[in-house]
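Engineer: To be precise about what I am sending: the file is called entry_2.tsv and holds TSV, C-alpha atoms.
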```
chain	number	residue	atom	x	y	z
A	869	VAL	CA	0.00	0.00	0.00
A	870	GLU	CA	1.33	3.38	-1.04
A	871	VAL	CA	1.06	6.13	1.49
A	872	PRO	CA	1.04	9.59	-0.01
A	873	LEU	CA	3.63	11.99	1.09
A	874	ASP	CA	2.81	15.09	3.09
A	875	GLY	CA	2.94	17.24	0.02
A	876	ASP	CA	0.67	14.85	-1.87
A	877	ALA	CA	-1.85	14.80	1.05
A	878	ASP	CA	-2.01	18.55	1.10
A	879	HIS	CA	-2.59	18.55	-2.62
A	880	ALA	CA	-5.42	16.01	-2.25
A	881	HIS	CA	-7.12	18.12	0.41
A	882	GLN	CA	-6.82	21.18	-1.79
A	883	GLU	CA	-8.58	19.31	-4.60
A	884	ILE	CA	-11.46	18.09	-2.36
A	885	ARG	CA	-12.31	21.49	-0.82
A	886	PRO	CA	-13.44	23.16	-4.05
A	887	GLU	CA	-15.77	20.23	-4.79
A	888	GLY	CA	-17.48	20.59	-1.35
A	889	LEU	CA	-17.85	24.31	-1.77
A	890	HIS	CA	-19.34	23.87	-5.23
A	891	GLU	CA	-22.04	21.52	-3.96
A	892	GLY	CA	-23.07	23.96	-1.17
A	893	SER	CA	-23.25	26.84	-3.62
A	894	ALA	CA	-25.56	24.81	-5.87
A	895	VAL	CA	-27.99	24.11	-2.99
A	896	GLN	CA	-27.99	27.76	-1.98
A	897	THR	CA	-28.58	28.88	-5.57
A	898	TRP	CA	-31.52	26.46	-5.87
A	899	ALA	CA	-33.09	27.84	-2.65
A	900	SER	CA	-32.59	31.42	-3.82
A	901	SER	CA	-34.30	30.72	-7.14
A	902	ASP	CA	-37.32	29.22	-5.30
A	903	GLU	CA	-37.55	32.33	-3.12
A	904	VAL	CA	-37.40	34.59	-6.15
A	905	GLU	CA	-40.21	32.65	-7.85
A	906	ARG	CA	-42.35	32.89	-4.72
A	907	LEU	CA	-41.82	36.63	-4.44
A	908	ARG	CA	-42.65	37.07	-8.12
A	909	ALA	CA	-45.91	35.15	-7.64
A	910	GLU	CA	-46.81	37.29	-4.63
A	911	ASN	CA	-45.98	40.42	-6.59
A	912	VAL	CA	-48.27	39.37	-9.44
A	913	GLU	CA	-51.06	38.59	-6.97
A	914	LEU	CA	-50.68	41.96	-5.26
A	915	ARG	CA	-50.76	43.76	-8.59
A	916	GLN	CA	-54.00	41.98	-9.48
A	917	LYS	CA	-55.55	43.02	-6.17
A	918	VAL	CA	-54.43	46.62	-6.67
A	919	LEU	CA	-55.98	46.66	-10.14
A	920	GLN	CA	-59.23	45.30	-8.74
A	921	LEU	CA	-59.29	48.00	-6.04
A	922	GLN	CA	-58.59	50.67	-8.63
A	923	VAL	CA	-61.50	49.46	-10.73
A	924	VAL	CA	-63.82	49.48	-7.71
A	925	LEU	CA	-62.71	52.96	-6.68
A	926	ALA	CA	-63.07	54.27	-10.19
A	927	ASP	CA	-66.61	52.90	-10.41
A	928	GLY	CA	-67.49	54.51	-7.07
A	929	VAL	CA	-66.05	57.88	-8.07
A	930	LEU	CA	-67.83	57.84	-11.41
A	931	SER	CA	-71.16	56.96	-9.80
A	932	GLU	CA	-70.72	59.74	-7.22
A	933	VAL	CA	-69.86	62.25	-9.94
A	934	ALA	CA	-72.93	61.20	-11.89
A	935	ARG	CA	-75.12	61.61	-8.81
A	936	LEU	CA	-73.74	65.08	-8.09
A	937	ARG	CA	-74.26	66.12	-11.69
A	938	LYS	CA	-77.86	64.94	-11.51
A	939	GLU	CA	-78.47	66.89	-8.31
A	940	ASN	CA	-76.87	69.98	-9.84
A	941	GLU	CA	-79.13	69.71	-12.86
A	942	GLU	CA	-82.19	69.36	-10.62
A	943	LEU	CA	-81.20	72.40	-8.58
A	944	SER	CA	-80.55	74.39	-11.74
A	945	SER	CA	-83.96	73.48	-13.12
A	946	LYS	CA	-85.65	74.46	-9.84
A	947	ALA	CA	-83.77	77.75	-9.77
A	948	ALA	CA	-84.79	78.45	-13.36
A	949	ALA	CA	-88.42	77.65	-12.53
A	950	VAL	CA	-88.38	80.01	-9.55
A	951	ALA	CA	-86.65	82.75	-11.52
A	952	GLY	CA	-89.18	82.36	-14.30
A	953	GLY	CA	-92.20	82.51	-11.97
A	954	TRP	CA	-94.11	85.48	-10.65
A	955	ILE	CA	-91.49	86.20	-8.01
A	956	GLY	CA	-88.63	86.05	-10.50
A	957	ARG	CA	-89.24	89.67	-11.48
A	958	TRP	CA	-87.38	90.71	-8.32
A	959	GLU	CA	-83.86	89.44	-7.99
A	960	GLY	CA	-83.79	89.64	-4.20
A	961	PRO	CA	-86.78	87.41	-3.30
A	962	ALA	CA	-85.95	84.90	-6.03
A	963	ALA	CA	-82.41	84.53	-4.72
A	964	LEU	CA	-83.66	84.40	-1.11
A	965	LEU	CA	-85.84	81.37	-1.85
A	966	GLN	CA	-82.69	79.40	-2.63
A	967	ALA	CA	-81.31	79.95	0.88
A	968	PRO	CA	-81.31	77.08	3.41
A	969	TYR	CA	-84.25	76.71	5.78
A	970	ASP	CA	-81.99	77.82	8.64
A	971	LEU	CA	-82.28	81.40	7.38
A	972	PHE	CA	-86.07	81.37	7.75
A	973	ILE	CA	-85.68	79.96	11.26
A	974	VAL	CA	-83.46	82.95	12.01
A	975	PHE	CA	-86.12	85.33	10.70
A	976	SER	CA	-88.78	83.60	12.80
A	977	ILE	CA	-86.65	83.81	15.95
A	978	LYS	CA	-86.04	87.51	15.43
A	979	ALA	CA	-89.73	88.22	14.86
A	980	ALA	CA	-90.67	86.37	18.05
A	981	GLU	CA	-87.83	87.87	20.11
A	982	LEU	CA	-88.44	91.46	19.11
A	983	THR	CA	-92.20	91.13	19.54
A	984	ALA	CA	-91.63	89.87	23.08
A	985	TYR	CA	-88.96	92.50	23.80
A	986	TYR	CA	-90.88	95.56	22.60
A	987	GLY	CA	-94.15	94.31	24.04
A	988	PHE	CA	-92.69	93.68	27.49
A	989	SER	CA	-90.64	96.91	27.46
A	990	TYR	CA	-93.78	98.90	26.80
A	991	ILE	CA	-95.52	97.59	29.94
A	992	PHE	CA	-92.45	96.83	32.08
A	993	VAL	CA	-92.82	99.64	34.64
A	994	SER	CA	-96.54	99.19	35.16
A	995	TYR	CA	-96.19	95.39	35.21
A	996	VAL	CA	-93.57	95.21	37.95
A	997	SER	CA	-95.45	97.90	39.90
A	998	ASP	CA	-98.75	96.02	39.81
A	999	GLU	CA	-97.47	92.43	40.08
A	1000	PHE	CA	-94.47	92.86	42.38
A	1001	GLY	CA	-95.49	95.89	44.41
A	1002	MET	CA	-92.64	98.15	43.29
A	1003	THR	CA	-92.86	101.88	43.18
A	1004	ASP	CA	-92.34	103.79	39.98
A	1005	VAL	CA	-88.83	104.74	41.12
A	1006	GLU	CA	-87.91	101.14	41.89
A	1007	ALA	CA	-89.34	99.96	38.57
A	1008	GLY	CA	-87.38	102.69	36.75
A	1009	ASN	CA	-84.20	101.74	38.56
A	1010	LEU	CA	-84.71	98.09	37.69
A	1011	TYR	CA	-85.24	98.89	34.04
A	1012	ALA	CA	-82.16	101.15	33.97
A	1013	ALA	CA	-80.08	98.45	35.67
A	1014	TYR	CA	-81.32	95.99	33.05
A	1015	GLY	CA	-80.15	98.29	30.26
A	1016	PHE	CA	-76.68	98.72	31.78
A	1017	ALA	CA	-76.43	94.98	32.37
A	1018	CYS	CA	-77.27	94.26	28.72
A	1019	THR	CA	-74.53	96.63	27.59
A	1020	GLY	CA	-71.94	95.21	29.98
A	1021	VAL	CA	-72.73	91.57	29.26
A	1022	GLY	CA	-72.71	92.22	25.52
A	1023	LEU	CA	-69.26	93.81	25.69
A	1024	MET	CA	-67.76	91.21	28.02
A	1025	LEU	CA	-69.14	88.09	26.37
A	1026	GLY	CA	-68.64	89.04	22.74
A	1027	PHE	CA	-65.60	86.79	22.41
A	1028	VAL	CA	-67.60	83.89	23.86
A	1029	ILE	CA	-70.02	84.12	20.95
A	1030	ASP	CA	-67.13	83.80	18.50
A	1031	ARG	CA	-65.90	80.68	20.29
A	1032	LEU	CA	-69.28	79.00	20.72
A	1033	GLY	CA	-70.60	79.66	17.23
A	1034	VAL	CA	-74.04	80.68	16.03
A	1035	ARG	CA	-76.00	77.58	17.03
A	1036	ARG	CA	-74.76	77.25	20.62
A	1037	SER	CA	-75.00	80.99	21.21
A	1038	MET	CA	-78.59	81.00	19.99
A	1039	LEU	CA	-79.46	78.06	22.23
A	1040	ILE	CA	-78.03	79.89	25.25
A	1041	GLY	CA	-79.75	83.15	24.34
A	1042	CYS	CA	-83.17	81.63	23.65
A	1043	GLY	CA	-82.91	79.46	26.77
A	1044	CYS	CA	-82.10	82.40	29.06
A	1045	SER	CA	-84.85	84.55	27.54
A	1046	THR	CA	-87.37	81.76	28.02
A	1047	ILE	CA	-86.34	81.28	31.66
A	1048	TYR	CA	-86.55	85.02	32.30
A	1049	ARG	CA	-90.02	85.38	30.86
A	1050	GLY	CA	-91.15	82.25	32.66
A	1051	ILE	CA	-90.03	83.77	35.98
A	1052	CYS	CA	-91.82	87.01	35.15
A	1053	PHE	CA	-95.00	85.05	34.49
A	1054	LEU	CA	-94.89	82.57	37.37
A	1055	SER	CA	-92.99	84.27	40.19
A	1056	SER	CA	-94.34	86.87	42.61
A	1057	SER	CA	-91.08	87.48	44.49
A	1058	ARG	CA	-89.49	90.89	44.17
A	1059	GLN	CA	-86.01	89.48	44.82
A	1060	MET	CA	-86.48	86.83	42.13
A	1061	MET	CA	-87.58	89.52	39.68
A	1062	TRP	CA	-84.44	91.55	40.39
A	1063	PHE	CA	-82.23	88.48	40.06
A	1064	ALA	CA	-83.80	87.32	36.78
A	1065	THR	CA	-83.75	90.81	35.28
A	1066	LEU	CA	-80.04	91.28	36.00
A	1067	THR	CA	-78.86	87.77	35.06
A	1068	PHE	CA	-81.01	85.79	32.62
A	1069	ALA	CA	-82.41	88.78	30.73
A	1070	PRO	CA	-79.04	90.40	29.83
A	1071	VAL	CA	-77.52	87.08	28.77
A	1072	GLY	CA	-80.58	86.32	26.64
A	1073	ALA	CA	-80.34	89.76	25.01
A	1074	ALA	CA	-76.58	89.50	24.41
A	1075	PHE	CA	-76.83	86.02	22.91
A	1076	GLY	CA	-80.03	86.76	21.02
A	1077	VAL	CA	-80.51	89.37	18.31
A	1078	PRO	CA	-76.79	90.23	17.80
A	1079	VAL	CA	-76.08	86.58	17.04
A	1080	LEU	CA	-78.90	86.52	14.50
A	1081	ALA	CA	-76.99	89.00	12.33
A	1082	LEU	CA	-74.08	86.58	12.22
A	1083	ALA	CA	-76.48	83.80	11.31
A	1084	VAL	CA	-77.87	85.81	8.38
A	1085	ARG	CA	-74.37	86.28	7.00
A	1086	ARG	CA	-73.57	82.58	7.42
A	1087	TYR	CA	-76.71	81.28	5.72
A	1088	THR	CA	-76.61	83.63	2.71
A	1089	HIS	CA	-74.33	84.16	-0.26
A	1090	ARG	CA	-73.33	87.08	-2.45
A	1091	ASP	CA	-76.49	87.11	-4.56
A	1092	ASN	CA	-79.07	87.16	-1.77
A	1093	ARG	CA	-77.18	88.64	1.19
A	1094	SER	CA	-78.16	92.25	0.58
A	1095	PHE	CA	-81.87	91.47	0.39
A	1096	ALA	CA	-81.64	89.12	3.39
A	1097	PHE	CA	-80.12	91.86	5.57
A	1098	SER	CA	-82.68	94.36	4.30
A	1099	PHE	CA	-85.48	92.01	5.31
A	1100	PHE	CA	-83.75	91.24	8.61
A	1101	TYR	CA	-83.39	94.88	9.70
A	1102	SER	CA	-86.86	95.84	8.48
A	1103	MET	CA	-88.46	93.43	10.97
A	1104	LEU	CA	-89.38	95.71	13.87
A	1105	CYS	CA	-85.92	97.31	13.59
```
Could you rewrite the structure in this file as structure tokens?

Structural biologist:
Amino acid sequence: VEVPLDGDADHAHQEIRPEGLHEGSAVQTWASSDEVERLRAENVELRQKVLQLQVVLADGVLSEVARLRKENEELSSKAAAVAGGWIGRWEGPAALLQAPYDLFIVFSIKAAELTAYYGFSYIFVSYVSDEFGMTDVEAGNLYAAYGFACTGVGLMLGFVIDRLGVRRSMLIGCGCSTIYRGICFLSSSRQMMWFATLTFAPVGAAFGVPVLALAVRRYTHRDNRSFAFSFFYSMLC
């Protein structure tokens, strides 16, 4: 038996190592190719899903655009019918009819509020004298204090109206005015009348009619705003 020399053994080991490395590289290359194929399949699947979503979104956008166009055509036809009617001879009323219903609620609130205000102011002195036993001087002082309180509350709480907005300010104003008039109707206490007149009444006045002017501006546009304000200020001033 021939035993290879040390140099020949080293040479044999050098020849075997490249063969082992070559086999490992082949296995790794095979695994990498499988991973690439899997990623390609997932990529194709994701692209198909994206295309399907794009088609669905496009259909939804087109249907929404069609619906908006139909509504716009209906509104245009209604506006043309109103403008062509008997009221279409005046630009102001015809444009005012296209305003949201909130504007007519504002007009109704102002009509009711000013009717109550001027009616109660006209009989205030005699009412508190007869119902609460005040003298004419006390009734006059109460009414004067009410006027100063309205001015002070209006100046101090103006920024609160800007923060609360039209709707919340109107709810506060109408609520306080209703409570005040309810106390005037149901109570017979002089102290309660003083308290309500100097608290609920000024807040109701500050959050009432001044806020309605802001509401008119919000619920109108350039074409009907001038007529809306003319109608608003012509209602009992």

Engineer: Write out as a list in words each polymer residue whose atoms come within 7 Å of range 1069-1080 of chain A, counting only C-alpha atoms; drop sequence neighbours fewer than 4 positions from it.

Structural biologist: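 Within the cut-off, the hits are Val974, Lys978, Tyr1014, Ala1017, Cys1018, Val1021, Gly1022, Val1034, Ser1037, Met1038, Ile1040, Gly1041, Cys1042, Cys1044, Ser1045, Tyr1048, Ala1064, Thr1065 and Val1084 of chain A.
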
Engineer: Keeping only C-alpha atoms, write the selected residues to a file as a PDB file, in the frame of the given file.

Structural biologist:
```
ATOM      1  CA  VAL A 974     -83.460  82.950  12.010  1.00  0.00           C
ATOM      2  CA  LYS A 978     -86.040  87.510  15.430  1.00  0.00           C
ATOM      3  CA  TYR A1014     -81.320  95.990  33.050  1.00  0.00           C
ATOM      4  CA  ALA A1017     -76.430  94.980  32.370  1.00  0.00           C
ATOM      5  CA  CYS A1018     -77.270  94.260  28.720  1.00  0.00           C
ATOM      6  CA  VAL A1021     -72.730  91.570  29.260  1.00  0.00           C
ATOM      7  CA  GLY A1022     -72.710  92.220  25.520  1.00  0.00           C
ATOM      8  CA  VAL A1034     -74.040  80.680  16.030  1.00  0.00           C
ATOM      9  CA  SER A1037     -75.000  80.990  21.210  1.00  0.00           C
ATOM     10  CA  MET A1038     -78.590  81.000  19.990  1.00  0.00           C
ATOM     11  CA  ILE A1040     -78.030  79.890  25.250  1.00  0.00           C
ATOM     12  CA  GLY A1041     -79.750  83.150  24.340  1.00  0.00           C
ATOM     13  CA  CYS A1042     -83.170  81.630  23.650  1.00  0.00           C
ATOM     14  CA  CYS A1044     -82.100  82.400  29.060  1.00  0.00           C
ATOM     15  CA  SER A1045     -84.850  84.550  27.540  1.00  0.00           C
ATOM     16  CA  TYR A1048     -86.550  85.020  32.300  1.00  0.00           C
ATOM     17  CA  ALA A1064     -83.800  87.320  36.780  1.00  0.00           C
ATOM     18  CA  THR A1065     -83.750  90.810  35.280  1.00  0.00           C
ATOM     19  CA  VAL A1084     -77.870  85.810   8.380  1.00  0.00           C
TER      20      VAL A1084
END
```

Engineer: Point out the residue among A:Gln1059, A:Thr1019, A:Gln966, A:Ser989 with the least atom-to-atom distance to Ala1096 in chain A, counting only C-alpha atoms.

Structural biologist: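 For Ala1096 in chain A, the nearest of the candidates is A:Gln966.
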
Engineer: Taking only C-alpha atoms into account, which of A:Tyr969, A:Gly1026, A:Ser944, A:Gly1015 comes nearest Thr1067 in chain A?

Structural biologist: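 Nearest candidate to Thr1067 in chain A out of A:Tyr969, A:Gly1026, A:Ser944, A:Gly1015: A:Gly1015.
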
Engineer: Rounded to one decimal in Å, what is the spacing between CA of Ile973 in chain A and CA of Arg937 in chain A?

Structural biologist: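 Answer for the CA of Ile973 in chain A to CA of Arg937 in chain A separation: 29.1 Å.
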
Engineer: Which neighbours of His1089 in chain A fall inside 12 Å, counting all atoms listed in the file, when residues of the same chain fewer than 5 positions from it are skipped, and could you give them as a list in words?

Structural biologist: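 These residues fall inside the cut-off: Gly960, Ala963, Leu964, Leu965, Gln966, Ala967, Pro968, Leu971, Ala1083, Val1084, Ser1094, Phe1095, Ala1096 and Phe1097 of chain A.
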
Engineer: Quote the spacing between CA of Phe1099 in chain A and CA of Phe975 in chain A in Å to one decimal place.

Structural biologist: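 Spanning CA of Phe1099 in chain A to CA of Phe975 in chain A is a straight-line distance of 8.6 Å.
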
Engineer: So what do you get for CA of Met1002 in chain A versus CA of Tyr990 in chain A, distance-wise?

Structural biologist: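 Pair CA of Met1002 in chain A / CA of Tyr990 in chain A returns 16.5 Å.
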
Engineer: So which one's closest to Met1103 in chain A, A:Thr1046, A:Ile977, A:Ala926, A:Ile991? Using all atoms listed in the file, please.

Structural biologist: A:Ile977

Engineer: Give the answer as one residue: which of A:Arg1036, A:Lys938, A:Arg1031, A:Arg1058 has the shortest atom-to-atom distance to Asp998 in chain A, using all atoms listed in the file?

Structural biologist: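 Of A:Arg1036, A:Lys938, A:Arg1031, A:Arg1058, the one nearest Asp998 in chain A is A:Arg1058, counting all atoms listed in the file.
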